[in-house]
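Asker: My structure is stored as run.cif, with mmCIF, C-alpha atoms.
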data_target
loop_
_atom_site.label_atom_id
_atom_site.label_comp_id
_atom_site.auth_asym_id
_atom_site.auth_seq_id
_atom_site.Cartn_x
_atom_site.Cartn_y
_atom_site.Cartn_z
CA MET C 1 -24.37 32.42 38.38
CA VAL C 2 -23.83 36.11 39.03
CA VAL C 3 -21.68 37.64 36.29
CA THR C 4 -19.68 40.74 37.10
CA GLN C 5 -17.71 42.97 34.78
CA GLU C 6 -14.12 44.03 35.07
CA ASN C 7 -13.53 47.34 33.35
CA VAL C 8 -9.95 48.05 32.32
CA VAL C 9 -8.73 51.40 31.07
CA VAL C 10 -5.79 51.40 28.69
CA SER C 11 -4.13 54.80 28.42
CA ASP C 12 -1.99 56.16 25.63
CA SER C 13 -0.38 59.13 27.28
CA SER C 14 2.94 59.04 25.39
CA ARG C 15 3.72 59.09 21.71
CA ARG C 16 7.12 57.48 22.18
CA LEU C 17 7.49 53.92 20.99
CA SER C 18 6.90 51.31 23.67
CA PRO C 19 9.24 48.34 24.25
CA GLN C 20 6.60 46.11 22.62
CA GLU C 21 6.49 48.29 19.48
CA ILE C 22 10.28 48.33 19.19
CA ALA C 23 10.39 44.55 19.66
CA ASP C 24 7.76 44.15 16.93
CA ILE C 25 9.83 46.29 14.52
CA LEU C 26 12.99 44.27 15.18
CA ARG C 27 11.04 41.01 14.97
CA GLU C 28 9.75 42.03 11.54
CA ARG C 29 13.30 42.79 10.38
CA ILE C 30 14.30 39.28 11.43
CA ARG C 31 11.35 37.66 9.67
CA SER C 32 11.87 39.68 6.49
CA GLY C 33 15.54 38.70 6.31
CA ALA C 34 16.87 42.23 6.87
CA LEU C 35 18.47 40.76 9.99
CA LYS C 36 19.76 37.21 9.44
CA ALA C 37 20.81 34.42 11.77
CA GLY C 38 24.26 35.22 13.17
CA ASP C 39 24.01 38.98 12.54
CA ARG C 40 24.77 41.28 15.44
CA LEU C 41 22.19 43.84 16.47
CA PRO C 42 23.22 47.49 16.76
CA THR C 43 24.25 48.60 20.24
CA GLN C 44 21.61 49.71 22.74
CA ALA C 45 22.81 53.30 22.31
CA GLU C 46 22.41 53.07 18.52
CA LEU C 47 18.93 51.56 18.83
CA ALA C 48 17.93 54.21 21.38
CA ASP C 49 19.02 56.93 18.95
CA GLU C 50 17.21 55.27 16.04
CA PHE C 51 13.90 54.96 17.87
CA GLY C 52 14.17 58.14 19.93
CA VAL C 53 13.77 56.42 23.30
CA GLU C 54 15.74 55.80 26.49
CA ARG C 55 18.11 52.84 26.74
CA GLY C 56 15.85 51.28 29.37
CA THR C 57 13.10 51.00 26.75
CA VAL C 58 15.51 49.32 24.34
CA ARG C 59 16.62 46.87 27.05
CA LEU C 60 13.01 45.82 27.65
CA ALA C 61 12.50 45.28 23.91
CA LEU C 62 15.67 43.16 23.64
CA ARG C 63 14.63 41.11 26.66
CA GLU C 64 11.33 40.30 24.92
CA LEU C 65 13.18 39.10 21.80
CA GLN C 66 15.57 37.09 23.95
CA GLU C 67 12.69 35.42 25.81
CA GLY C 68 11.09 34.62 22.47
CA GLY C 69 14.22 32.73 21.38
CA LEU C 70 15.15 35.23 18.65
CA LEU C 71 18.44 36.42 20.16
CA SER C 72 21.55 34.52 21.24
CA ASN C 73 24.92 35.37 22.81
CA VAL C 74 23.24 37.93 25.01
CA SER C 75 25.76 39.54 27.35
CA LYS C 76 26.54 42.93 28.82
CA GLY C 77 29.78 43.15 26.89
CA SER C 78 28.51 43.14 23.31
CA PRO C 79 25.27 43.35 21.30
CA PRO C 80 23.36 40.05 20.95
CA ARG C 81 23.21 38.04 17.74
CA ILE C 82 20.17 36.85 15.84
CA ALA C 83 19.51 33.25 16.84
CA GLU C 84 19.13 30.39 14.41
CA VAL C 85 15.95 28.37 15.04
CA ALA C 86 15.94 24.85 13.68
CA PRO C 87 12.43 24.10 12.34
CA THR C 88 10.77 20.93 13.56
CA ARG C 89 7.23 19.87 12.76
CA ASN C 90 6.50 17.09 15.21
CA GLY C 91 8.71 17.86 18.20
CA PRO C 92 8.14 20.60 20.79
CA GLN C 93 9.30 24.09 19.85
CA PRO C 94 9.73 27.41 21.66
CA THR C 95 6.21 28.73 22.17
CA MET C 96 6.61 31.85 20.05
CA VAL C 97 7.91 29.85 17.09
CA GLY C 98 5.57 26.87 17.27
CA LEU C 99 2.38 28.81 17.93
CA ALA C 100 2.74 31.11 14.91
CA ARG C 101 3.04 28.11 12.55
CA ARG C 102 0.12 26.24 14.07
CA LEU C 103 -2.07 29.36 13.99
CA ALA C 104 -1.29 29.94 10.32
CA GLU C 105 -2.55 26.44 9.55
CA ALA C 106 -5.62 26.88 11.77
CA PHE C 107 -6.54 30.12 9.99
CA ALA C 108 -6.79 28.28 6.68
CA ALA C 109 -10.19 26.97 7.84
CA PRO C 110 -13.35 28.92 6.82
CA HIS C 111 -14.41 29.22 10.48
CA VAL C 112 -11.49 29.81 12.84
CA ARG C 113 -11.97 29.20 16.55
CA ILE C 114 -9.13 29.96 18.97
CA ASP C 115 -9.42 29.48 22.74
CA ALA C 116 -6.57 30.50 25.05
CA ALA C 117 -5.88 30.46 28.78
CA CYS C 118 -2.69 32.25 29.78
CA LEU C 119 -1.03 34.78 32.07
CA THR C 120 -0.98 37.54 29.45
CA ALA C 121 -1.87 37.69 25.75
CA GLU C 122 1.69 38.51 24.68
CA THR C 123 2.60 35.27 22.93
CA LEU C 124 -0.76 34.96 21.20
CA MET C 125 -0.70 38.62 20.16
CA VAL C 126 2.70 38.26 18.49
CA ALA C 127 2.00 34.82 16.97
CA LEU C 128 -1.21 36.09 15.35
CA SER C 129 0.84 38.45 13.17
CA GLU C 130 1.73 35.49 10.92
CA PRO C 131 -1.84 34.42 9.95
CA ILE C 132 -2.89 38.08 9.74
CA ARG C 133 -0.02 38.68 7.32
CA GLN C 134 -1.12 35.70 5.23
CA ILE C 135 -4.68 37.06 5.12
CA HIS C 136 -3.39 40.40 3.84
CA ASP C 137 -1.23 38.57 1.28
CA GLY C 138 -4.31 36.71 0.00
CA ARG C 139 -2.93 33.27 0.90
CA ILE C 140 -5.72 32.32 3.33
CA HIS C 141 -9.37 33.43 3.35
CA PRO C 142 -11.24 32.72 6.61
CA LYS C 143 -14.84 33.91 6.70
CA ARG C 144 -15.28 33.97 10.46
CA ILE C 145 -12.86 34.23 13.42
CA ASP C 146 -13.94 33.56 17.02
CA VAL C 147 -11.33 34.11 19.73
CA ARG C 148 -11.94 33.51 23.44
CA ILE C 149 -9.21 34.39 25.94
CA MET C 150 -9.07 33.78 29.69
CA LEU C 151 -6.59 35.91 31.66
CA PRO C 152 -6.11 36.30 35.44
CA SER C 153 -8.35 38.84 37.14
CA ARG C 154 -6.78 42.07 38.31
CA GLU C 155 -8.39 41.46 41.73
CA ILE C 156 -6.52 38.28 42.70
CA ASN C 157 -3.16 37.85 44.43
CA LEU C 158 -1.05 36.43 41.62
CA ALA C 159 1.20 33.47 42.35
CA PHE C 160 3.58 34.97 39.76
CA PRO C 161 4.96 37.36 38.76
CA ILE C 162 5.57 38.54 42.32
CA SER C 163 8.15 40.73 44.00
CA VAL C 164 10.92 38.86 45.81
CA ALA C 165 10.37 41.22 48.73
CA GLY C 166 6.71 40.21 48.90
CA PRO C 167 3.49 42.08 48.11
CA SER C 168 2.99 45.71 49.06
CA ASP C 169 0.19 48.28 48.90
CA ASP C 170 1.64 49.73 45.71
CA ASP C 171 3.22 46.63 44.15
CA PRO C 172 5.22 47.67 41.04
CA VAL C 173 5.46 44.07 39.81
CA HIS C 174 1.68 43.61 39.87
CA LYS C 175 1.25 47.02 38.23
CA ARG C 176 3.71 46.01 35.47
CA TRP C 177 1.83 42.75 34.84
CA LEU C 178 -1.56 44.49 34.77
CA GLU C 179 -0.35 47.13 32.30
CA GLN C 180 1.06 44.41 30.03
CA ARG C 181 -2.10 42.31 30.28
CA ASN C 182 -4.29 45.26 29.37
CA ALA C 183 -2.16 46.68 26.57
CA GLN C 184 -1.46 43.33 24.90
CA GLY C 185 -5.10 42.30 25.04
CA HIS C 186 -6.16 45.60 23.52
CA VAL C 187 -3.63 45.33 20.67
CA LEU C 188 -4.63 41.72 19.95
CA ARG C 189 -8.29 42.63 19.74
CA HIS C 190 -7.62 45.68 17.56
CA ASN C 191 -5.46 43.73 15.10
CA LEU C 192 -8.10 41.05 14.64
CA GLN C 193 -11.10 43.36 14.48
CA ALA C 194 -9.34 45.43 11.81
CA LEU C 195 -9.91 42.44 9.49
CA ARG C 196 -13.62 43.31 9.48
CA SER C 197 -13.11 46.51 7.52
CA SER C 198 -10.13 45.36 5.45
CA HIS C 199 -11.43 41.91 4.40
CA GLY C 200 -15.06 41.68 5.49
CA ILE C 201 -14.33 38.88 7.97
CA ASP C 202 -16.79 38.29 10.81
CA VAL C 203 -14.53 38.67 13.89
CA ARG C 204 -15.45 38.17 17.54
CA VAL C 205 -12.89 38.56 20.35
CA THR C 206 -14.00 37.99 23.96
CA PHE C 207 -12.07 38.10 27.24
CA ARG C 208 -12.94 36.61 30.62
CA ALA C 209 -11.15 36.93 33.96
CA LEU C 210 -9.82 33.87 35.77
CA PRO C 211 -9.98 33.78 39.58
CA PHE C 212 -6.54 32.08 39.76
CA THR C 213 -3.06 32.16 38.23
CA PRO C 214 -2.83 29.57 35.42
CA PRO C 215 0.18 27.22 35.91
CA VAL C 216 0.37 26.55 32.15
CA LYS C 217 -0.59 28.29 28.93
CA LEU C 218 -3.13 26.44 26.81
CA TYR C 219 -4.21 27.11 23.22
CA LEU C 220 -7.09 25.24 21.54
CA LEU C 221 -7.28 25.54 17.75
CA ASN C 222 -10.52 24.78 15.89
CA GLU C 223 -11.46 22.17 18.52
CA SER C 224 -8.99 19.86 16.79
CA GLU C 225 -5.62 20.67 18.36
CA ALA C 226 -4.41 21.50 21.87
CA LEU C 227 -1.07 23.17 22.52
CA ILE C 228 0.32 23.44 26.03
CA ALA C 229 3.44 24.98 27.56
CA TYR C 230 4.56 25.08 31.18
CA TYR C 231 5.28 28.29 33.05
CA VAL C 232 8.68 27.74 34.68
CA ILE C 233 9.32 30.19 37.50
CA THR C 234 12.69 31.86 37.89
CA ARG C 235 14.10 34.78 39.82
CA ARG C 236 15.13 37.65 37.60
CA GLU C 237 15.61 41.39 37.51
CA GLU C 238 14.04 43.68 34.96
CA THR C 239 15.10 47.24 34.22
CA THR C 240 12.15 49.57 33.80
CA ALA C 241 11.91 52.37 31.25
CA ASP C 242 12.96 54.90 33.91
CA ASP C 243 16.04 52.77 34.80
CA GLY C 244 14.47 51.33 37.95
CA VAL C 245 14.96 47.64 38.78
CA LEU C 246 12.29 45.07 39.59
CA ASP C 247 13.52 42.01 41.50
CA MET C 248 10.87 39.34 41.03
CA TYR C 249 9.88 35.73 40.64
CA ASP C 250 8.59 35.51 37.08
CA THR C 251 8.24 33.19 34.13
CA ILE C 252 9.68 33.31 30.63
CA GLY C 253 6.61 31.93 28.91
CA SER C 254 7.43 32.75 25.29
CA ALA C 255 10.60 30.64 25.35
CA SER C 256 9.07 27.58 27.07
CA LEU C 257 8.50 24.50 24.94
CA LEU C 258 5.09 24.12 23.30
CA PHE C 259 3.68 20.60 23.06
CA SER C 260 1.04 19.82 20.43
CA PHE C 261 -1.74 17.23 20.60
CA GLU C 262 -3.85 16.66 17.48
CA LYS C 263 -7.28 15.06 17.56
CA ARG C 264 -6.70 13.27 14.26
CA ALA C 265 -3.77 11.36 15.81
CA GLY C 266 -6.24 9.29 17.84
CA GLY C 267 -5.64 7.62 21.19
CA ARG C 268 -4.31 9.82 23.98
CA ASP C 269 -3.98 12.83 21.69
CA THR C 270 -7.73 12.77 20.94
CA ALA C 271 -8.58 12.37 24.62
CA PHE C 272 -6.27 15.23 25.60
CA VAL C 273 -7.80 17.61 23.04
CA ASP C 274 -11.36 16.68 24.06
CA GLU C 275 -10.71 16.98 27.81
CA SER C 276 -8.81 20.26 27.38
CA GLN C 277 -11.76 21.72 25.48
CA LYS C 278 -14.17 20.52 28.18
CA TRP C 279 -11.96 22.10 30.86
CA PHE C 280 -11.85 25.42 29.01
CA ASP C 281 -15.59 25.50 28.30
CA ALA C 282 -16.44 24.66 31.91
CA LEU C 283 -14.31 27.53 33.25
CA TRP C 284 -15.67 29.93 30.63
CA GLU C 285 -19.27 29.18 31.54
CA THR C 286 -18.96 29.06 35.35
CA ILE C 287 -16.41 30.77 37.61
CA THR C 288 -14.83 33.27 35.19
CA THR C 289 -16.21 36.82 34.89
CA ASP C 290 -16.44 39.36 32.08
CA LEU C 291 -13.23 41.24 31.40
CA LYS C 292 -13.60 44.31 29.19
CA LEU C 293 -10.65 46.10 27.62
CA SER C 294 -11.49 49.63 26.51
CA LEU C 295 -9.81 52.94 25.78
#
I'd like the structure from this file rewritten - as structure tokens, please.
Answerer:
Amino acid sequence: MVVTQENVVVSDSSRRLSPQEIADILRERIRSGALKAGDRLPTQAELADEFGVERGTVRLALRELQEGGLLSNVSKGSPPRIAEVAPTRNGPQPTMVGLARRLAEAFAAPHVRIDAACLTAETLMVALSEPIRQIHDGRIHPKRIDVRIMLPSREINLAFPISVAGPSDDDPVHKRWLEQRNAQGHVLRHNLQALRSSHGIDVRVTFRALPFTPPVKLYLLNESEALIAYYVITRREETTADDGVLDMYDTIGSASLLFSFEKRAGGRDTAFVDESQKWFDALWETITTDLKLSL
């Protein structure tokens, strides 16, 4: 097999907060209890003033929280409210909620192994904040963390997201996806590798490029659990930071339901975990190519 490399440059040309950073700040306020279920968020104008950004940036941040199931009563007439998420252990949950809990349990093992195949690393990046927080709090103490992530290659024609008007030479929808894929992957890797210096944990994070658009997102935890969620395509508009509008067919992956299969359950669950791991390993070792994220 001939292995090629895909070099990605992530730029940091602006010091203003990004939509992702604003969403992370608001998400932390929700998790800490500063914002409680049923509370209304400040208006977009108030948030824009607080963070020193344009309203378009705030709208993108709020959309991310909405897609993650953290906001309810979203309308143009009034600020959204913080959603109430009913915890369930055995049933499917919104991906962002369920994955964080399962990762926290997986990180209690001495040797953590996480494999993921997805459209972007957004959900995994955000969900990892929970086990990382528990490591910093001294509640869990992994000695080694191996993370392998397969993402679509920048060279392919994505099935989604895609402009409703069709592809073009300078496709803003593809550019948006590529920027998100690169930035989220870089942040995920940085957050995990920082555990080397802070806690002496042996951390390895590797990316490979898929030659196709994955129809589902798959997470494999410690070779003992498989979690899968379907990408459901919908037509939607997104306002960019400069108040432009992207009309596209896209998926709201973070809000889709995450189904868990545990090897210890036996029967079909065991077979599903084993076959999912075989599928991942086969792709990793054959038709995928190196994907490097660098500054």
Asker: Using all atoms listed in the file, determine which residues lie at most 7 Å from segment 34-39 of chain C, disregarding the query and same-chain residues fewer than 5 positions distant; provide the list as an MDAnalysis selection string.
Answerer: chainID C and resid 29 81:84
Asker: Exactly which residues make up the result of the PyMOL selection byres ((chain C and resi 216) around 6) on this file, given as a ChimeraX atom specification?
Answerer: /C:214-215,217,229-231
Asker: Please measure the separation of atom CA of Gln44 of chain C and atom CA of Leu62 of chain C, giving the value in Å to one decimal.
Answerer: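 Result for atom CA of Gln44 of chain C versus atom CA of Leu62 of chain C: 8.9 Å, one decimal.
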Asker: Show which residues sit within 12 Å of Phe160 of chain C, as a list in words. Count only C-alpha atoms, and ignore same-chain residues fewer than 5 positions away.
Answerer: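 What passes the distance filter is Leu119, Thr120, Pro152, Gly166, Pro167, Val173, His174, Arg176, Trp177, Leu178, Phe212, Thr213, Pro214, Pro215, Val216, Tyr231, Val232, Ile233, Thr234, Arg235, Met248, Tyr249, Asp250, Thr251, Ile252 and Gly253 of chain C.
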Asker: Please compute the atom CA of Leu195 of chain C-atom CA of Ser129 of chain C distance, one decimal, in Å.
Answerer: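 Atom-to-atom, atom CA of Leu195 of chain C and atom CA of Ser129 of chain C are spaced 12.0 Å apart.
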Asker: Using the chain letters and numbers from the file, give me the residues hit by the PyMOL selection byres ((chain C and resi 100) around 12), as a PyMOL selection string.
Answerer: chain C and resi 68+93-99+101-107+123-134+219+221+227+254+258
Asker: Can you give me N, CA, C and O atoms for segment 171-191 of chain C, written as a tab-separated table (two decimals), in the coordinates of the input?
Answerer:
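What ended up in selection17.tsv:
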chain	number	residue	atom	x	y	z
C	171	ASP	N	2.28	47.64	44.66
C	171	ASP	CA	3.22	46.63	44.15
C	171	ASP	C	3.59	46.94	42.70
C	171	ASP	O	2.75	46.81	41.80
C	172	PRO	N	4.84	47.34	42.42
C	172	PRO	CA	5.22	47.67	41.04
C	172	PRO	C	5.22	46.47	40.11
C	172	PRO	O	5.02	46.61	38.91
C	173	VAL	N	5.46	45.26	40.66
C	173	VAL	CA	5.46	44.07	39.81
C	173	VAL	C	4.03	43.75	39.35
C	173	VAL	O	3.80	43.44	38.19
C	174	HIS	N	3.07	43.84	40.25
C	174	HIS	CA	1.68	43.61	39.87
C	174	HIS	C	1.22	44.69	38.89
C	174	HIS	O	0.50	44.39	37.92
C	175	LYS	N	1.62	45.93	39.13
C	175	LYS	CA	1.25	47.02	38.23
C	175	LYS	C	1.82	46.78	36.84
C	175	LYS	O	1.12	47.00	35.83
C	176	ARG	N	3.07	46.32	36.76
C	176	ARG	CA	3.71	46.01	35.47
C	176	ARG	C	2.93	44.93	34.74
C	176	ARG	O	2.65	45.04	33.54
C	177	TRP	N	2.58	43.83	35.48
C	177	TRP	CA	1.83	42.75	34.84
C	177	TRP	C	0.47	43.23	34.33
C	177	TRP	O	0.07	42.91	33.22
C	178	LEU	N	-0.23	44.03	35.15
C	178	LEU	CA	-1.56	44.49	34.77
C	178	LEU	C	-1.49	45.39	33.53
C	178	LEU	O	-2.31	45.26	32.62
C	179	GLU	N	-0.50	46.27	33.47
C	179	GLU	CA	-0.35	47.13	32.30
C	179	GLU	C	-0.08	46.30	31.05
C	179	GLU	O	-0.62	46.58	29.97
C	180	GLN	N	0.77	45.27	31.17
C	180	GLN	CA	1.06	44.41	30.03
C	180	GLN	C	-0.18	43.62	29.62
C	180	GLN	O	-0.48	43.52	28.43
C	181	ARG	N	-0.89	43.07	30.60
C	181	ARG	CA	-2.10	42.31	30.28
C	181	ARG	C	-3.10	43.16	29.52
C	181	ARG	O	-3.66	42.74	28.50
C	182	ASN	N	-3.31	44.38	30.00
C	182	ASN	CA	-4.29	45.26	29.37
C	182	ASN	C	-3.87	45.68	27.98
C	182	ASN	O	-4.65	45.60	27.02
C	183	ALA	N	-2.62	46.16	27.85
C	183	ALA	CA	-2.16	46.68	26.57
C	183	ALA	C	-2.09	45.59	25.50
C	183	ALA	O	-2.51	45.78	24.36
C	184	GLN	N	-1.57	44.41	25.87
C	184	GLN	CA	-1.46	43.33	24.90
C	184	GLN	C	-2.82	42.83	24.47
C	184	GLN	O	-3.05	42.55	23.28
C	185	GLY	N	-3.76	42.72	25.40
C	185	GLY	CA	-5.10	42.30	25.04
C	185	GLY	C	-5.77	43.30	24.11
C	185	GLY	O	-6.46	42.91	23.16
C	186	HIS	N	-5.57	44.57	24.37
C	186	HIS	CA	-6.16	45.60	23.52
C	186	HIS	C	-5.59	45.55	22.11
C	186	HIS	O	-6.34	45.64	21.12
C	187	VAL	N	-4.26	45.40	21.99
C	187	VAL	CA	-3.63	45.33	20.67
C	187	VAL	C	-4.10	44.10	19.91
C	187	VAL	O	-4.41	44.16	18.71
C	188	LEU	N	-4.17	42.96	20.60
C	188	LEU	CA	-4.63	41.72	19.95
C	188	LEU	C	-6.04	41.91	19.39
C	188	LEU	O	-6.30	41.57	18.23
C	189	ARG	N	-6.93	42.44	20.19
C	189	ARG	CA	-8.29	42.63	19.74
C	189	ARG	C	-8.36	43.60	18.56
C	189	ARG	O	-9.07	43.35	17.58
C	190	HIS	N	-7.62	44.69	18.64
C	190	HIS	CA	-7.62	45.68	17.56
C	190	HIS	C	-7.13	45.07	16.25
C	190	HIS	O	-7.73	45.29	15.19
C	191	ASN	N	-6.03	44.30	16.32
C	191	ASN	CA	-5.46	43.73	15.10
C	191	ASN	C	-6.42	42.76	14.43
C	191	ASN	O	-6.51	42.70	13.19
